[in-house]
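Undergrad: For reference, the structure I am asking about is given below.
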There are 2 protein chains.
Amino acid sequence: MADTDPGTAERLDVTPAHRELLDQVLDKWSLEVLNTLCERPSRFNELRQAIPAVSQKSLSATLRRLERNGIVERRVLSSRPVAVEYRITPLGKTLRSPVDALLDWADGHLGAIEAARRAYDEAEPTAS
Amino acid sequence: MADTDPGTAERLDVTPAHRELLDQVLDKWSLEVLNTLCERPSRFNELRQAIPAVSQKSLSATLRRLERNGIVERRVLSSRPVAVEYRITPLGKTLRSPVDALLDWADGHLGAIEAARRAYDEAEPTAS
DNA sequence: CGGTATCCGGTGGGATACTG
DNA sequence: CAGTATCCCACCGGATACCG
């Protein structure tokens, strides 16, 4: 086997810090926020329109979390009426490639996985 | 700009099915389970030793979830005393590459992100 | 050995109401 | 417009006890 064999290659272990980071960056709404902000900087309510299913509270929390992690930048544009713009940072852009890889994987294997789920659920009606 | 520019490239949107899939596969313990099973097939208690922080319940739930999604396979080896082996499936192996990309990203940018967090927390003591 | 059942506290996130 | 505050509940995951 070559050392590129995924079964034998040495791999990074998942430390608590890695875990926390992924939790902060891959939570329920972050990916959609990232996707939107990678297309263009957006105002708060533009994001709400772009992601209709998110609540005010969750969008606000997601943005603050991403801001704290240096993934997005919050920019106050004017003060009356208040205008705020969110944009992706250079650090945030580096997230694109691995996240896209993940999304591509999910998209490419969704069919196989749904088939596996059906097979599993079929086989294990757990009595009834 | 080339069409490889992350700011202009067309991207997959994140559907609820994608979200659910990622939630099932990237949850708290799945990555460590995957990492361990990619090295070698393992018994239940071997996994507990390899991942000391996981509880029985969570490990069991993680394994059943991954099994249902076709990522790992559960194999009963003998019946008295019970021996069970878990191993990664071919489908599960396809997860390696995108997950490694993510882990590499996390590892490579952890320092910058921790710096961003310190800067943010410093600037926003939010009273006290 | 390899789990399941039960309890239980903390957290995520929606709905709603209010504010600068 | 861009949030925060409050309430509330569902779910996650740990601890413990029990089972085939």
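All residue names refer to the structure tokens as shown: chains lettered A, B, ... in order, residues numbered from 1 in each chain, ligands numbered from 1 in order.
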Near chain B, which residues of chain C fall within 8 Å when you count only C-alpha atoms (C1' of nucleotides), and what do they look like as a list in words?

TA: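 My answer is DC1, DG2 and DG3 of chain C.
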
Undergrad: Next, the residues of the selection above should be written as an mmCIF file, in the first residue's frame with C-alpha atoms (C1' of nucleotides).

TA:
```cif
data_model
loop_
_atom_site.group_PDB
_atom_site.id
_atom_site.type_symbol
_atom_site.label_atom_id
_atom_site.label_comp_id
_atom_site.auth_asym_id
_atom_site.auth_seq_id
_atom_site.Cartn_x
_atom_site.Cartn_y
_atom_site.Cartn_z
ATOM 1 C "C1'" DC C 1 -18.696 -8.122 26.410
ATOM 2 C "C1'" DG C 2 -21.813 -5.070 24.399
ATOM 3 C "C1'" DG C 3 -25.073 -2.974 24.898
#
```

Undergrad: Select all residues from chain B having any atom no more than 9 Å from an atom of chain A (counting only C-alpha atoms, ignoring ligands), output as a PyMOL selection string.

TA: chain B and resi 6-14+17-19+21-23+26-28+31-32+35+37-40+67-71+91+93-107+109-110+112-121

Undergrad: Identify every residue of chain D that has at least one atom within 12 Å of any atom of chain A, counting only C-alpha atoms (C1' of nucleotides), and report the result as a ChimeraX atom specification.

TA: /D:1-6

Undergrad: Can you write out the residues you just picked, keeping all heavy atoms, as a tab-separated table (two decimals), in the first residue's frame?

TA:
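Wrote it out as selection.tsv, contents follow:
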```tsv
chain	number	residue	atom	x	y	z
D	1	DC	P	-36.16	47.91	6.82
D	1	DC	OP1	-35.34	47.26	5.83
D	1	DC	OP2	-36.99	47.13	7.72
D	1	DC	O5'	-35.22	48.91	7.67
D	1	DC	C5'	-34.05	49.41	7.06
D	1	DC	C4'	-32.92	49.31	8.06
D	1	DC	O4'	-33.40	49.78	9.34
D	1	DC	C3'	-32.43	47.88	8.29
D	1	DC	O3'	-31.01	47.92	8.28
D	1	DC	C2'	-32.95	47.49	9.66
D	1	DC	C1'	-33.14	48.83	10.36
D	1	DC	N1	-34.28	48.84	11.30
D	1	DC	C2	-34.06	49.18	12.64
D	1	DC	O2	-32.92	49.46	13.02
D	1	DC	N3	-35.10	49.21	13.49
D	1	DC	C4	-36.33	48.92	13.06
D	1	DC	N4	-37.34	48.97	13.93
D	1	DC	C5	-36.58	48.57	11.69
D	1	DC	C6	-35.53	48.55	10.86
D	2	DA	P	-30.14	46.57	8.27
D	2	DA	OP1	-28.84	46.95	7.70
D	2	DA	OP2	-30.92	45.49	7.66
D	2	DA	O5'	-29.92	46.26	9.81
D	2	DA	C5'	-29.19	47.20	10.59
D	2	DA	C4'	-29.24	46.79	12.03
D	2	DA	O4'	-30.57	46.98	12.55
D	2	DA	C3'	-28.90	45.32	12.28
D	2	DA	O3'	-28.00	45.22	13.38
D	2	DA	C2'	-30.25	44.70	12.62
D	2	DA	C1'	-30.90	45.86	13.33
D	2	DA	N9	-32.35	45.77	13.46
D	2	DA	C8	-33.26	45.29	12.56
D	2	DA	N7	-34.50	45.32	12.96
D	2	DA	C5	-34.41	45.87	14.24
D	2	DA	C6	-35.38	46.18	15.22
D	2	DA	N6	-36.68	45.97	15.05
D	2	DA	N1	-34.96	46.73	16.38
D	2	DA	C2	-33.64	46.95	16.54
D	2	DA	N3	-32.62	46.70	15.69
D	2	DA	C4	-33.08	46.15	14.55
D	3	DG	P	-27.11	43.89	13.54
D	3	DG	OP1	-26.16	44.09	14.65
D	3	DG	OP2	-26.58	43.52	12.22
D	3	DG	O5'	-28.19	42.76	13.93
D	3	DG	C5'	-28.20	42.28	15.24
D	3	DG	C4'	-28.89	43.25	16.19
D	3	DG	O4'	-30.19	43.58	15.68
D	3	DG	C3'	-29.16	42.64	17.53
D	3	DG	O3'	-28.04	42.82	18.36
D	3	DG	C2'	-30.37	43.40	18.05
D	3	DG	C1'	-30.97	44.00	16.79
D	3	DG	N9	-32.34	43.54	16.53
D	3	DG	C8	-32.81	42.86	15.44
D	3	DG	N7	-34.09	42.60	15.46
D	3	DG	C5	-34.50	43.15	16.66
D	3	DG	C6	-35.80	43.20	17.26
D	3	DG	O6	-36.87	42.74	16.82
D	3	DG	N1	-35.78	43.85	18.49
D	3	DG	C2	-34.67	44.39	19.08
D	3	DG	N2	-34.85	44.98	20.27
D	3	DG	N3	-33.46	44.36	18.54
D	3	DG	C4	-33.45	43.73	17.34
D	4	DT	P	-27.74	41.74	19.47
D	4	DT	OP1	-26.34	41.97	19.90
D	4	DT	OP2	-28.16	40.44	18.94
D	4	DT	O5'	-28.73	42.11	20.67
D	4	DT	C5'	-28.64	43.38	21.31
D	4	DT	C4'	-29.74	43.45	22.37
D	4	DT	O4'	-31.05	43.34	21.73
D	4	DT	C3'	-29.68	42.33	23.40
D	4	DT	O3'	-29.95	42.89	24.67
D	4	DT	C2'	-30.78	41.36	22.95
D	4	DT	C1'	-31.79	42.32	22.35
D	4	DT	N1	-32.65	41.72	21.30
D	4	DT	C2	-34.01	41.68	21.48
D	4	DT	O2	-34.56	42.11	22.49
D	4	DT	N3	-34.71	41.12	20.45
D	4	DT	C4	-34.20	40.62	19.27
D	4	DT	O4	-34.93	40.15	18.41
D	4	DT	C5	-32.76	40.69	19.15
D	4	DT	C7	-32.10	40.17	17.93
D	4	DT	C6	-32.06	41.23	20.15
D	5	DA	P	-29.87	41.99	25.99
D	5	DA	OP1	-29.41	42.90	27.06
D	5	DA	OP2	-29.11	40.76	25.69
D	5	DA	O5'	-31.40	41.60	26.26
D	5	DA	C5'	-32.39	42.61	26.27
D	5	DA	C4'	-33.69	42.04	26.86
D	5	DA	O4'	-34.51	41.49	25.79
D	5	DA	C3'	-33.49	40.90	27.86
D	5	DA	O3'	-34.47	41.02	28.88
D	5	DA	C2'	-33.70	39.64	27.01
D	5	DA	C1'	-34.75	40.11	26.00
D	5	DA	N9	-34.65	39.46	24.69
D	5	DA	C8	-33.52	39.27	23.95
D	5	DA	N7	-33.73	38.68	22.79
D	5	DA	C5	-35.09	38.47	22.77
D	5	DA	C6	-35.95	37.88	21.82
D	5	DA	N6	-35.52	37.39	20.66
D	5	DA	N1	-37.28	37.82	22.10
D	5	DA	C2	-37.70	38.32	23.27
D	5	DA	N3	-36.99	38.90	24.26
D	5	DA	C4	-35.68	38.94	23.93
D	6	DT	P	-34.37	40.09	30.19
D	6	DT	OP1	-34.80	40.92	31.34
D	6	DT	OP2	-33.06	39.41	30.22
D	6	DT	O5'	-35.51	39.01	29.90
D	6	DT	C5'	-36.80	39.49	29.49
D	6	DT	C4'	-37.69	38.34	29.05
D	6	DT	O4'	-37.39	37.99	27.68
D	6	DT	C3'	-37.53	37.06	29.87
D	6	DT	O3'	-38.78	36.76	30.48
D	6	DT	C2'	-37.13	36.01	28.82
D	6	DT	C1'	-37.64	36.61	27.53
D	6	DT	N1	-36.91	36.15	26.33
D	6	DT	C2	-37.63	35.69	25.25
D	6	DT	O2	-38.84	35.62	25.23
D	6	DT	N3	-36.87	35.29	24.19
D	6	DT	C4	-35.49	35.31	24.09
D	6	DT	O4	-34.93	34.94	23.08
D	6	DT	C5	-34.80	35.81	25.25
D	6	DT	C7	-33.32	35.87	25.26
D	6	DT	C6	-35.54	36.20	26.30
```

Undergrad: Can you pull out every residue within 12 Å of DT16 (chain D), counting only C-alpha atoms (C1' of nucleotides), but drop anything in the same chain fewer than 4 positions away, and send it as a PyMOL selection string?

TA: (chain B and resi 55-57) or (chain C and resi 5-8)

Undergrad: Could those selected residues go to a file with N, CA and C atoms (P, O5', C5', C4', C3', O3' and C1' of nucleotides), as a PDB file, in the first residue's frame?

TA:
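Output (part.pdb):
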```
ATOM      1  N   SER B  55     -19.013   8.551  26.261  1.00  0.00           N
ATOM      2  CA  SER B  55     -19.793   7.674  27.133  1.00  0.00           C
ATOM      3  C   SER B  55     -20.317   6.494  26.321  1.00  0.00           C
ATOM      4  N   GLN B  56     -20.681   5.435  27.048  1.00  0.00           N
ATOM      5  CA  GLN B  56     -21.272   4.273  26.385  1.00  0.00           C
ATOM      6  C   GLN B  56     -22.434   4.665  25.508  1.00  0.00           C
ATOM      7  N   LYS B  57     -23.314   5.445  26.098  1.00  0.00           N
ATOM      8  CA  LYS B  57     -24.534   5.804  25.388  1.00  0.00           C
ATOM      9  C   LYS B  57     -24.237   6.555  24.095  1.00  0.00           C
TER      10      LYS B  57
ATOM     11  P    DA C   5     -34.154  -0.067  25.320  1.00  0.00           P
ATOM     12  O5'  DA C   5     -34.093   0.398  26.846  1.00  0.00           O
ATOM     13  C5'  DA C   5     -34.113  -0.569  27.898  1.00  0.00           C
ATOM     14  C4'  DA C   5     -34.442   0.118  29.226  1.00  0.00           C
ATOM     15  C3'  DA C   5     -35.376   1.328  29.127  1.00  0.00           C
ATOM     16  O3'  DA C   5     -36.216   1.358  30.283  1.00  0.00           O
ATOM     17  C1'  DA C   5     -33.262   2.025  29.970  1.00  0.00           C
ATOM     18  P    DT C   6     -37.389   2.453  30.401  1.00  0.00           P
ATOM     19  O5'  DT C   6     -36.734   3.545  31.362  1.00  0.00           O
ATOM     20  C5'  DT C   6     -36.141   3.116  32.588  1.00  0.00           C
ATOM     21  C4'  DT C   6     -35.455   4.263  33.290  1.00  0.00           C
ATOM     22  C3'  DT C   6     -36.179   5.618  33.198  1.00  0.00           C
ATOM     23  O3'  DT C   6     -36.442   6.076  34.516  1.00  0.00           O
ATOM     24  C1'  DT C   6     -33.864   5.860  32.773  1.00  0.00           C
ATOM     25  P    DC C   7     -37.383   7.395  34.769  1.00  0.00           P
ATOM     26  O5'  DC C   7     -36.282   8.450  35.257  1.00  0.00           O
ATOM     27  C5'  DC C   7     -35.312   8.045  36.241  1.00  0.00           C
ATOM     28  C4'  DC C   7     -34.203   9.076  36.310  1.00  0.00           C
ATOM     29  C3'  DC C   7     -34.690  10.536  36.266  1.00  0.00           C
ATOM     30  O3'  DC C   7     -34.103  11.280  37.328  1.00  0.00           O
ATOM     31  C1'  DC C   7     -32.974  10.195  34.680  1.00  0.00           C
ATOM     32  P    DC C   8     -34.696  12.732  37.724  1.00  0.00           P
ATOM     33  O5'  DC C   8     -33.373  13.604  37.809  1.00  0.00           O
ATOM     34  C5'  DC C   8     -32.120  13.097  37.384  1.00  0.00           C
ATOM     35  C4'  DC C   8     -31.379  14.115  36.545  1.00  0.00           C
ATOM     36  C3'  DC C   8     -32.040  15.498  36.441  1.00  0.00           C
ATOM     37  O3'  DC C   8     -31.082  16.502  36.786  1.00  0.00           O
ATOM     38  C1'  DC C   8     -31.436  14.706  34.290  1.00  0.00           C
TER      39       DC C   8
END
```

Undergrad: Write out as a VMD selection string the set of residues from chain A that DSSP, computed on the backbone, places in helix (DSSP H, G or I).

TA: chain A and resid 16 to 25 30 to 39 44 to 50 56 to 68 90 to 93 96 to 123

Undergrad: Restricting it to C-alpha atoms, dump the selection as an mmCIF file, in the first residue's frame.

TA:
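Saved the output as part_5.cif:
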```cif
data_model
loop_
_atom_site.group_PDB
_atom_site.id
_atom_site.type_symbol
_atom_site.label_atom_id
_atom_site.label_comp_id
_atom_site.auth_asym_id
_atom_site.auth_seq_id
_atom_site.Cartn_x
_atom_site.Cartn_y
_atom_site.Cartn_z
ATOM 1 C CA PRO A 16 -11.260 19.446 21.897
ATOM 2 C CA ALA A 17 -10.092 22.693 20.297
ATOM 3 C CA HIS A 18 -10.755 21.269 16.841
ATOM 4 C CA ARG A 19 -14.138 20.083 17.964
ATOM 5 C CA GLU A 20 -15.107 23.428 19.398
ATOM 6 C CA LEU A 21 -13.942 25.219 16.286
ATOM 7 C CA LEU A 22 -15.927 22.977 13.976
ATOM 8 C CA ASP A 23 -18.969 23.340 16.193
ATOM 9 C CA GLN A 24 -18.740 27.106 15.951
ATOM 10 C CA VAL A 25 -18.208 27.194 12.231
ATOM 11 C CA SER A 30 -23.276 29.061 9.403
ATOM 12 C CA LEU A 31 -22.887 27.346 6.061
ATOM 13 C CA GLU A 32 -25.774 29.239 4.524
ATOM 14 C CA VAL A 33 -24.544 32.518 5.967
ATOM 15 C CA LEU A 34 -21.088 31.828 4.570
ATOM 16 C CA ASN A 35 -22.484 30.925 1.194
ATOM 17 C CA THR A 36 -24.477 34.143 1.047
ATOM 18 C CA LEU A 37 -21.663 36.373 2.246
ATOM 19 C CA CYS A 38 -19.213 34.796 -0.185
ATOM 20 C CA GLU A 39 -21.437 36.026 -2.998
ATOM 21 C CA PHE A 44 -28.840 41.910 8.311
ATOM 22 C CA ASN A 45 -32.262 41.825 6.690
ATOM 23 C CA GLU A 46 -30.804 40.847 3.338
ATOM 24 C CA LEU A 47 -29.429 37.779 5.047
ATOM 25 C CA ARG A 48 -32.824 37.060 6.531
ATOM 26 C CA GLN A 49 -34.352 37.203 3.074
ATOM 27 C CA ALA A 50 -31.609 35.059 1.591
ATOM 28 C CA GLN A 56 -33.705 36.740 14.036
ATOM 29 C CA LYS A 57 -32.175 35.337 17.159
ATOM 30 C CA SER A 58 -30.326 32.523 15.447
ATOM 31 C CA LEU A 59 -29.056 34.720 12.645
ATOM 32 C CA SER A 60 -27.828 37.248 15.167
ATOM 33 C CA ALA A 61 -26.134 34.572 17.249
ATOM 34 C CA THR A 62 -24.568 32.964 14.171
ATOM 35 C CA LEU A 63 -23.193 36.282 12.954
ATOM 36 C CA ARG A 64 -21.728 37.160 16.320
ATOM 37 C CA ARG A 65 -20.133 33.748 16.615
ATOM 38 C CA LEU A 66 -18.631 33.971 13.134
ATOM 39 C CA GLU A 67 -17.480 37.505 13.837
ATOM 40 C CA ARG A 68 -15.803 36.419 17.043
ATOM 41 C CA PRO A 90 -9.854 36.660 4.188
ATOM 42 C CA LEU A 91 -9.791 34.058 6.940
ATOM 43 C CA GLY A 92 -13.408 33.250 6.204
ATOM 44 C CA LYS A 93 -12.617 32.716 2.536
ATOM 45 C CA ARG A 96 -14.688 27.843 1.351
ATOM 46 C CA SER A 97 -12.551 25.084 -0.038
ATOM 47 C CA PRO A 98 -12.979 22.514 2.753
ATOM 48 C CA VAL A 99 -16.659 23.340 3.148
ATOM 49 C CA ASP A 100 -17.226 22.989 -0.565
ATOM 50 C CA ALA A 101 -15.471 19.625 -0.461
ATOM 51 C CA LEU A 102 -17.873 18.588 2.254
ATOM 52 C CA LEU A 103 -20.914 19.859 0.378
ATOM 53 C CA ASP A 104 -19.773 18.151 -2.796
ATOM 54 C CA TRP A 105 -19.390 14.931 -0.848
ATOM 55 C CA ALA A 106 -22.842 15.290 0.681
ATOM 56 C CA ASP A 107 -24.382 16.020 -2.683
ATOM 57 C CA GLY A 108 -22.592 13.196 -4.448
ATOM 58 C CA HIS A 109 -23.396 10.521 -1.873
ATOM 59 C CA LEU A 110 -26.813 11.599 -0.672
ATOM 60 C CA GLY A 111 -28.501 9.011 -2.859
ATOM 61 C CA ALA A 112 -26.383 6.147 -1.569
ATOM 62 C CA ILE A 113 -26.899 7.260 1.998
ATOM 63 C CA GLU A 114 -30.645 7.533 1.669
ATOM 64 C CA ALA A 115 -30.630 4.031 0.226
ATOM 65 C CA ALA A 116 -28.603 2.801 3.202
ATOM 66 C CA ARG A 117 -31.088 4.442 5.563
ATOM 67 C CA ARG A 118 -34.023 2.781 3.856
ATOM 68 C CA ALA A 119 -32.306 -0.597 3.997
ATOM 69 C CA TYR A 120 -31.506 -0.129 7.682
ATOM 70 C CA ASP A 121 -35.004 1.037 8.612
ATOM 71 C CA GLU A 122 -36.497 -1.826 6.634
ATOM 72 C CA ALA A 123 -34.396 -4.419 8.399
#
```

Undergrad: Suppose you want the space between C1' of DG13 (chain D) and CA of Ile51 (chain B); what is it in Å?

TA: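 We find that C1' of DG13 (chain D) and CA of Ile51 (chain B) lie 15.1 Å from each other.
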
Undergrad: Quick one: distance from C1' of DT19 (chain C) to C1' of DC8 (chain D) in Å, one decimal?

TA: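 Computed distance, C1' of DT19 (chain C) to C1' of DC8 (chain D), equals 22.0 Å.
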
Undergrad: Distance CA of Arg74 (chain A)-C1' of DG14 (chain C), one decimal place?

TA: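 Separating CA of Arg74 (chain A) from C1' of DG14 (chain C) is a distance of 24.5 Å.
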
Undergrad: Using backbone DSSP assignments, extract all strand (DSSP E or B) residues from region 64-94 of chain B; output them as an MDAnalysis selection string.

TA: chainID B and resid 72:79 82:88

Undergrad: Residues as selected, C-alpha atoms, written as a PDB file, in the first residue's frame, can you do that?

TA:
```
ATOM      1  CA  VAL B  72     -19.805   1.876   9.220  1.00  0.00           C
ATOM      2  CA  GLU B  73     -20.699  -1.786   9.275  1.00  0.00           C
ATOM      3  CA  ARG B  74     -21.581  -3.764  12.389  1.00  0.00           C
ATOM      4  CA  ARG B  75     -20.466  -7.373  12.325  1.00  0.00           C
ATOM      5  CA  VAL B  76     -21.300  -9.956  14.982  1.00  0.00           C
ATOM      6  CA  LEU B  77     -18.328 -12.309  15.252  1.00  0.00           C
ATOM      7  CA  SER B  78     -19.484 -14.840  17.815  1.00  0.00           C
ATOM      8  CA  SER B  79     -22.320 -15.319  20.196  1.00  0.00           C
ATOM      9  CA  VAL B  82     -20.825 -11.720  22.378  1.00  0.00           C
ATOM     10  CA  ALA B  83     -18.170 -10.244  20.114  1.00  0.00           C
ATOM     11  CA  VAL B  84     -18.961  -7.402  17.749  1.00  0.00           C
ATOM     12  CA  GLU B  85     -16.704  -5.664  15.310  1.00  0.00           C
ATOM     13  CA  TYR B  86     -17.224  -2.318  13.638  1.00  0.00           C
ATOM     14  CA  ARG B  87     -15.530  -1.436  10.411  1.00  0.00           C
ATOM     15  CA  ILE B  88     -15.597   1.388   7.922  1.00  0.00           C
TER      16      ILE B  88
END
```
